[in-house]
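Q: What follows is a structure written as structure tokens; I'll ask about it next.
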Amino acid sequence: MIKSPRGTRDLLPPDTALWNFVDAAVRDVFRAYNFHEIRTPIFESTELFARGVGEETDIVSKEMFTWEDRGRAESDRGHSLTLRPENTAGVVRAYIEHKLWDRGLNKLFYIGPQFRRERPQKGRYRQFYQIGAEVIGPASAGSQSPARDAEILELLATLLDRVGITGWTLELNSIGSPADRAKFNEALRKALEPVVGKMCADCQRRAVTNPLRVFDCKVPEDQPIIETLPNIGQFLDETSRAHFDAVKQILDAVGIPYTENPRLVRGLDYYTHTAFEFTHGALGAQNAILGGGRYDGLSEALGGPPAPGIGFAIGEDRLVLSLAATAESVTRKPDVYIAPLGVGMNREAARLARELRRYDLVVELGDETFRLKKSFEAADKIGARYILIVGENEAAANAFALKHLASGEQVIIPRNALAQRILQK
Ligand code: HAM
């Protein structure tokens, strides 16, 4: 038997109803905040992620699905392509490619699959889905303001509330400007020098190339050493500190609770200033339901103009895992099961189904070869509210027997009154 690849999964009904419920709810929220949808390719040039996300990150150094795409002609040079492990780099690439700064501030959202070769476990997959948003534009359009950071965080609180997720924690930190980061990296290098020999091979390399990434280490033996390292907070200059304070003041004013986590540095290199994660207790080890932050230098790193930005991505798989709603509670059951009775009645039933569906009723259609008992069983099985019996006599009278399955009440209703009757409940 051929099975789906490791770390991937099929989303089946009725669970897909939960996913659709989430998609519809978040689209409503994005509309209220004037965000517009963007769809970028699911694969991009490998270089985009190397430059955007960072060579030394786990994502780029270990987790990408990359292949060499040779041209069709012998003379074509190969080109390295990668299934997107995240969507921020792609959105910023599109921003630059289509000169989206002409529109001032861009508020974009996306919903779609991402790919990382991680060890699969609950809440961690190799194909997973993100609901993300990015606010990006020239500083003159206000893209650098702490008001953007706070609005993004308030949007997230609203969004989680809207889909019915309670009990989340917003963890907040600032990782400062590139200059602050350089000072911090220097301090980390110094602090690591005497101890790094006892750490894992990855950390030994990171200590030289990108010390901040030492905080991504998951090796248990390294944790006591990592605990002794300094915090980025001590290295923020006045401007960075003022930005962070302004974000927190707006959050206080709008009543969004948060916990400061000085160790939160996020696993991607493009972040500056505000960095955050929302965690949820129901998720176990993979407890980050979403993550995000500011990335003021990313556009320039990808060859674009200065374009400060901030965004987030929700792990939709994890969001659905922490939902209180059940698939049943968001699935619409059929309003009516139409039971054609006897030879030639499929035609009449098809006409009726077409008429009723125009009223936005959910209609399931039986078959004229079924005995009435079998039609009743089928209507019961799918949870239809009514069964409509379409026999020769009914067709001749143009009035049909409509039975309410829960109460057993049966009435004859003229054709032109059927939809209204079924809509009444
Ligand atoms: P990230 O923290 O790498 O950030 O991913 C965001 C969220 O995606 C995580 O919090 C998690 O819920 C989900 N996620 C990540 N990997 C997996 C996986 N293997 N299986 C299931 N869910 C997963 C980003 O991707 C940034 N692009 C977010 C961002 C947007 N920052 C600024 N703008």
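Ligands are numbered from 1 in the order shown, residues from 1 within each chain, and chains are lettered A, B, ... in the order they appear in the structure tokens.
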Taking only C-alpha atoms and all ligand atoms into account, which residues are within 6 Å of ligand 1, as a PyMOL selection string?

A: chain A and resi 86-88+116+118+123-126+128+130+134+288-293+310-315+317-318

Q: Report as a count of residues only: the residues of region 126-240 of chain A with a DSSP assignment of helix (DSSP H, G or I), based on the backbone of this structure.

A: 69

Q: Each residue of region 108-154 of chain A lying at most 12 Å from region 160-175 of chain A should get a row with its shortest atom-to-atom pair and the distance in Å to one decimal, counting only C-alpha atoms; could you produce that, ordered by chain and increasing number, as CSV?

A:
```
residue,atom,partner,partner_atom,distance
A:Ile131,CA,A:Leu160,CA,11.9
A:Pro146,CA,A:Ser174,CA,11.8
A:Asp149,CA,A:Leu172,CA,11.1
A:Ala150,CA,A:Leu172,CA,11.2
A:Leu153,CA,A:Leu170,CA,8.6
A:Glu154,CA,A:Leu160,CA,10.1
```

Q: Contacts of Arg6 (chain A) at 10 Å or less, counting only C-alpha atoms, minus same-chain residues fewer than 3 places along, as an MDAnalysis selection string?

A: chainID A and resid 3 9 117 119:120 125:127

Q: Restrict the selected residues to C-alpha atoms and save them as a compact mmCIF listing (two decimals), in the first residue's frame.

A:
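New file part39.txt:
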```
# COMPACT_ATOMS: atom_id res chain seq x y z
CA LYS A 3 1.03 5.81 2.15
CA ARG A 9 -1.10 13.86 6.55
CA ARG A 117 12.13 18.46 7.24
CA ARG A 119 11.24 15.07 13.14
CA PRO A 120 7.47 14.55 13.07
CA TYR A 125 4.74 18.09 10.57
CA ARG A 126 6.84 18.25 7.41
CA GLN A 127 3.96 19.83 5.53
```

Q: Please identify the strand (DSSP E) residues within region 105-320 of chain A (assignment by DSSP from backbone atoms) and present them as a PyMOL selection string.

A: chain A and resi 106-115+127-136+168-174+259-260+272-280+288-294+309-315

Q: Region 417-420 of chain A: which residues within 10 Å, counting only C-alpha atoms, same-chain residues fewer than 5 positions away excluded, as a ChimeraX atom specification?

A: /A:352,355-361,388,399-402,412,425

Q: Save out the residues we just selected, N, CA, C and O atoms, as a short mmCIF file (atom, residue, chain, number, x, y, z; two decimals), in the first residue's frame.

A:
```
data_model
loop_
_atom_site.label_atom_id
_atom_site.label_comp_id
_atom_site.auth_asym_id
_atom_site.auth_seq_id
_atom_site.Cartn_x
_atom_site.Cartn_y
_atom_site.Cartn_z
N LEU A 352 -36.61 19.21 -8.31
CA LEU A 352 -36.88 19.75 -6.97
C LEU A 352 -35.58 20.12 -6.25
O LEU A 352 -35.48 21.16 -5.59
N GLU A 355 -34.35 23.35 -7.50
CA GLU A 355 -35.15 24.48 -6.99
C GLU A 355 -34.77 24.80 -5.54
O GLU A 355 -34.60 25.96 -5.17
N LEU A 356 -34.67 23.76 -4.72
CA LEU A 356 -34.42 23.99 -3.28
C LEU A 356 -33.01 24.53 -3.02
O LEU A 356 -32.80 25.35 -2.14
N ARG A 357 -32.05 24.04 -3.81
CA ARG A 357 -30.67 24.52 -3.59
C ARG A 357 -30.53 25.99 -3.91
O ARG A 357 -29.63 26.66 -3.40
N ARG A 358 -31.41 26.51 -4.75
CA ARG A 358 -31.36 27.95 -5.04
C ARG A 358 -31.66 28.77 -3.79
O ARG A 358 -31.33 29.94 -3.72
N TYR A 359 -32.33 28.17 -2.82
CA TYR A 359 -32.63 28.86 -1.56
C TYR A 359 -31.53 28.62 -0.53
O TYR A 359 -31.72 28.83 0.65
N ASP A 360 -30.37 28.14 -0.99
CA ASP A 360 -29.24 27.87 -0.10
C ASP A 360 -29.54 26.74 0.89
O ASP A 360 -28.97 26.69 1.98
N LEU A 361 -30.45 25.86 0.52
CA LEU A 361 -30.69 24.69 1.36
C LEU A 361 -29.68 23.61 0.99
O LEU A 361 -29.25 23.51 -0.17
N LEU A 388 -38.11 14.30 1.89
CA LEU A 388 -39.15 14.73 0.95
C LEU A 388 -39.44 13.57 0.01
O LEU A 388 -38.53 13.08 -0.66
N ALA A 399 -47.63 18.45 -5.21
CA ALA A 399 -47.53 18.67 -3.77
C ALA A 399 -46.88 17.42 -3.19
O ALA A 399 -47.17 16.31 -3.64
N PHE A 400 -45.98 17.60 -2.19
CA PHE A 400 -45.10 16.50 -1.79
C PHE A 400 -45.15 16.24 -0.29
O PHE A 400 -45.35 17.17 0.49
N ALA A 401 -44.95 14.97 0.04
CA ALA A 401 -44.94 14.61 1.46
C ALA A 401 -43.60 14.99 2.06
O ALA A 401 -42.54 14.55 1.59
N LEU A 402 -43.65 15.83 3.09
CA LEU A 402 -42.45 16.30 3.76
C LEU A 402 -42.50 15.86 5.21
O LEU A 402 -43.41 16.21 5.95
N ILE A 412 -48.33 17.44 3.72
CA ILE A 412 -48.26 17.58 2.26
C ILE A 412 -48.12 19.07 1.96
O ILE A 412 -48.93 19.88 2.42
N LYS A 425 -37.36 25.76 9.69
CA LYS A 425 -36.77 24.83 10.65
C LYS A 425 -37.58 23.56 10.79
O LYS A 425 -38.76 23.53 10.76
#
```

Q: Any idea what's packed within 10 Å of Lys198 (chain A), counting only C-alpha atoms, ignoring anything in its chain fewer than 5 positions away? Could you give it as a list in words?

A: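 The residues satisfying every condition are Leu192, Cys203, Gln204, Glu221, Asp222 and Ile225 of chain A.
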
Q: Pick the closest to Thr272 (chain A) from A:Leu302, A:Ala207, A:Ala179, A:Val219: which is it, counting only C-alpha atoms?

A: A:Ala179

Q: Using only C-alpha atoms, which protein or nucleic acid residues come within 10 Å of region 394-397 of chain A? Drop anything in the same chain fewer than 3 positions from it, and give the result as an mmCIF file with all heavy atoms, in the first residue's frame.

A:
```cif
data_model
loop_
_atom_site.group_PDB
_atom_site.id
_atom_site.type_symbol
_atom_site.label_atom_id
_atom_site.label_comp_id
_atom_site.auth_asym_id
_atom_site.auth_seq_id
_atom_site.Cartn_x
_atom_site.Cartn_y
_atom_site.Cartn_z
ATOM 1 N N LEU A 341 -39.396 7.993 -5.560
ATOM 2 C CA LEU A 341 -40.004 6.684 -5.280
ATOM 3 C C LEU A 341 -40.614 6.130 -6.550
ATOM 4 O O LEU A 341 -41.680 6.555 -6.974
ATOM 5 C CB LEU A 341 -41.078 6.888 -4.200
ATOM 6 C CG LEU A 341 -41.482 5.671 -3.383
ATOM 7 C CD1 LEU A 341 -40.283 5.104 -2.633
ATOM 8 C CD2 LEU A 341 -42.589 6.047 -2.395
ATOM 9 N N MET A 345 -38.888 8.733 -11.396
ATOM 10 C CA MET A 345 -38.987 9.815 -10.416
ATOM 11 C C MET A 345 -37.668 10.564 -10.188
ATOM 12 O O MET A 345 -37.652 11.632 -9.600
ATOM 13 C CB MET A 345 -39.522 9.272 -9.078
ATOM 14 C CG MET A 345 -41.003 8.964 -9.118
ATOM 15 S SD MET A 345 -41.977 10.436 -9.533
ATOM 16 C CE MET A 345 -42.730 9.915 -11.059
ATOM 17 N N GLU A 348 -37.986 14.115 -11.640
ATOM 18 C CA GLU A 348 -38.736 15.061 -10.820
ATOM 19 C C GLU A 348 -37.903 15.469 -9.593
ATOM 20 O O GLU A 348 -37.857 16.639 -9.199
ATOM 21 C CB GLU A 348 -40.054 14.403 -10.365
ATOM 22 C CG GLU A 348 -41.042 15.338 -9.724
ATOM 23 C CD GLU A 348 -41.437 16.511 -10.631
ATOM 24 O OE1 GLU A 348 -41.563 16.301 -11.860
ATOM 25 O OE2 GLU A 348 -41.580 17.620 -10.108
ATOM 26 N N ALA A 349 -37.234 14.474 -8.989
ATOM 27 C CA ALA A 349 -36.409 14.753 -7.793
ATOM 28 C C ALA A 349 -35.263 15.713 -8.130
ATOM 29 O O ALA A 349 -34.949 16.618 -7.357
ATOM 30 C CB ALA A 349 -35.850 13.444 -7.238
ATOM 31 N N ILE A 389 -40.668 13.120 -0.007
ATOM 32 C CA ILE A 389 -40.999 11.931 -0.790
ATOM 33 C C ILE A 389 -41.600 12.334 -2.137
ATOM 34 O O ILE A 389 -42.565 13.098 -2.200
ATOM 35 C CB ILE A 389 -41.938 11.011 0.011
ATOM 36 C CG1 ILE A 389 -41.147 10.539 1.248
ATOM 37 C CG2 ILE A 389 -42.381 9.817 -0.822
ATOM 38 C CD1 ILE A 389 -41.998 10.127 2.394
ATOM 39 N N VAL A 390 -40.972 11.830 -3.197
ATOM 40 C CA VAL A 390 -41.340 12.227 -4.551
ATOM 41 C C VAL A 390 -41.810 10.983 -5.306
ATOM 42 O O VAL A 390 -41.029 10.276 -5.935
ATOM 43 C CB VAL A 390 -40.141 12.891 -5.267
ATOM 44 C CG1 VAL A 390 -40.536 13.366 -6.663
ATOM 45 C CG2 VAL A 390 -39.589 14.044 -4.444
ATOM 46 N N GLY A 391 -43.141 10.705 -5.189
ATOM 47 C CA GLY A 391 -43.726 9.575 -5.897
ATOM 48 C C GLY A 391 -44.606 10.077 -7.035
ATOM 49 O O GLY A 391 -44.757 11.288 -7.232
ATOM 50 N N PHE A 400 -45.977 17.603 -2.187
ATOM 51 C CA PHE A 400 -45.101 16.498 -1.790
ATOM 52 C C PHE A 400 -45.146 16.237 -0.295
ATOM 53 O O PHE A 400 -45.351 17.168 0.493
ATOM 54 C CB PHE A 400 -43.664 16.801 -2.237
ATOM 55 C CG PHE A 400 -43.565 16.987 -3.730
ATOM 56 C CD1 PHE A 400 -43.817 18.230 -4.322
ATOM 57 C CD2 PHE A 400 -43.270 15.909 -4.559
ATOM 58 C CE1 PHE A 400 -43.747 18.388 -5.688
ATOM 59 C CE2 PHE A 400 -43.204 16.066 -5.942
ATOM 60 C CZ PHE A 400 -43.447 17.306 -6.504
ATOM 61 N N ALA A 401 -44.954 14.968 0.040
ATOM 62 C CA ALA A 401 -44.944 14.610 1.455
ATOM 63 C C ALA A 401 -43.597 14.993 2.056
ATOM 64 O O ALA A 401 -42.543 14.549 1.588
ATOM 65 C CB ALA A 401 -45.183 13.109 1.609
ATOM 66 N N ILE A 412 -48.333 17.436 3.718
ATOM 67 C CA ILE A 412 -48.263 17.576 2.257
ATOM 68 C C ILE A 412 -48.125 19.069 1.955
ATOM 69 O O ILE A 412 -48.931 19.880 2.420
ATOM 70 C CB ILE A 412 -49.560 17.049 1.592
ATOM 71 C CG1 ILE A 412 -49.850 15.601 2.022
ATOM 72 C CG2 ILE A 412 -49.489 17.186 0.070
ATOM 73 C CD1 ILE A 412 -48.926 14.574 1.420
ATOM 74 N N ILE A 413 -47.074 19.406 1.216
ATOM 75 C CA ILE A 413 -46.789 20.821 0.953
ATOM 76 C C ILE A 413 -46.769 21.050 -0.561
ATOM 77 O O ILE A 413 -46.105 20.311 -1.282
ATOM 78 C CB ILE A 413 -45.409 21.225 1.524
ATOM 79 C CG1 ILE A 413 -45.253 20.820 2.993
ATOM 80 C CG2 ILE A 413 -45.136 22.713 1.338
ATOM 81 C CD1 ILE A 413 -45.978 21.677 3.979
ATOM 82 N N PRO A 414 -47.495 22.070 -1.032
ATOM 83 C CA PRO A 414 -47.436 22.400 -2.460
ATOM 84 C C PRO A 414 -46.005 22.784 -2.859
ATOM 85 O O PRO A 414 -45.283 23.371 -2.050
ATOM 86 C CB PRO A 414 -48.356 23.614 -2.615
ATOM 87 C CG PRO A 414 -49.079 23.762 -1.326
ATOM 88 C CD PRO A 414 -48.358 22.992 -0.280
ATOM 89 N N ARG A 415 -45.645 22.432 -4.083
ATOM 90 C CA ARG A 415 -44.274 22.647 -4.554
ATOM 91 C C ARG A 415 -43.745 24.049 -4.254
ATOM 92 O O ARG A 415 -42.635 24.210 -3.750
ATOM 93 C CB ARG A 415 -44.259 22.407 -6.070
ATOM 94 C CG ARG A 415 -42.934 22.639 -6.694
ATOM 95 C CD ARG A 415 -43.018 22.440 -8.206
ATOM 96 N NE ARG A 415 -41.747 21.924 -8.673
ATOM 97 C CZ ARG A 415 -41.580 20.717 -9.177
ATOM 98 N NH1 ARG A 415 -42.594 19.897 -9.334
ATOM 99 N NH2 ARG A 415 -40.388 20.327 -9.549
#
```

Q: What's around His243 (chain A) at 10 Å? Count only C-alpha atoms, leave out sequence neighbours fewer than 5 positions away in its own chain, and write the answer as a short mmCIF file (atom, residue, chain, number, x, y, z; two decimals) with N, CA and C atoms, in the first residue's frame.

A:
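Final file, result17.cif:
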```
data_model
loop_
_atom_site.label_atom_id
_atom_site.label_comp_id
_atom_site.auth_asym_id
_atom_site.auth_seq_id
_atom_site.Cartn_x
_atom_site.Cartn_y
_atom_site.Cartn_z
N GLN A 144 7.36 51.80 10.49
CA GLN A 144 8.33 51.57 11.55
C GLN A 144 7.76 51.87 12.93
N SER A 145 6.54 52.37 12.95
CA SER A 145 5.96 52.83 14.22
C SER A 145 5.63 51.67 15.16
N PRO A 146 5.86 51.88 16.46
CA PRO A 146 5.45 50.87 17.45
C PRO A 146 3.94 50.64 17.43
N ALA A 147 3.21 51.59 16.83
CA ALA A 147 1.75 51.41 16.70
C ALA A 147 1.44 50.19 15.83
N ASP A 149 3.34 47.43 15.61
CA ASP A 149 3.62 46.23 16.42
C ASP A 149 2.42 45.94 17.32
N SER A 174 12.33 42.17 23.02
CA SER A 174 12.92 42.98 21.96
C SER A 174 14.32 42.46 21.70
N GLY A 176 16.22 44.20 19.58
CA GLY A 176 16.98 45.41 19.24
C GLY A 176 17.33 45.60 17.78
N GLU A 238 19.08 53.37 23.51
CA GLU A 238 17.93 54.15 23.96
C GLU A 238 16.75 54.08 22.98
N LYS A 248 4.70 48.31 24.53
CA LYS A 248 4.10 47.81 25.77
C LYS A 248 3.05 48.77 26.31
N GLN A 249 3.31 50.08 26.15
CA GLN A 249 2.33 51.06 26.64
C GLN A 249 1.01 50.95 25.88
N HIS A 273 14.16 44.29 16.83
CA HIS A 273 13.21 44.87 17.80
C HIS A 273 12.19 43.83 18.30
N THR A 274 10.89 44.13 18.10
CA THR A 274 9.84 43.32 18.73
C THR A 274 9.82 41.88 18.22
#
```
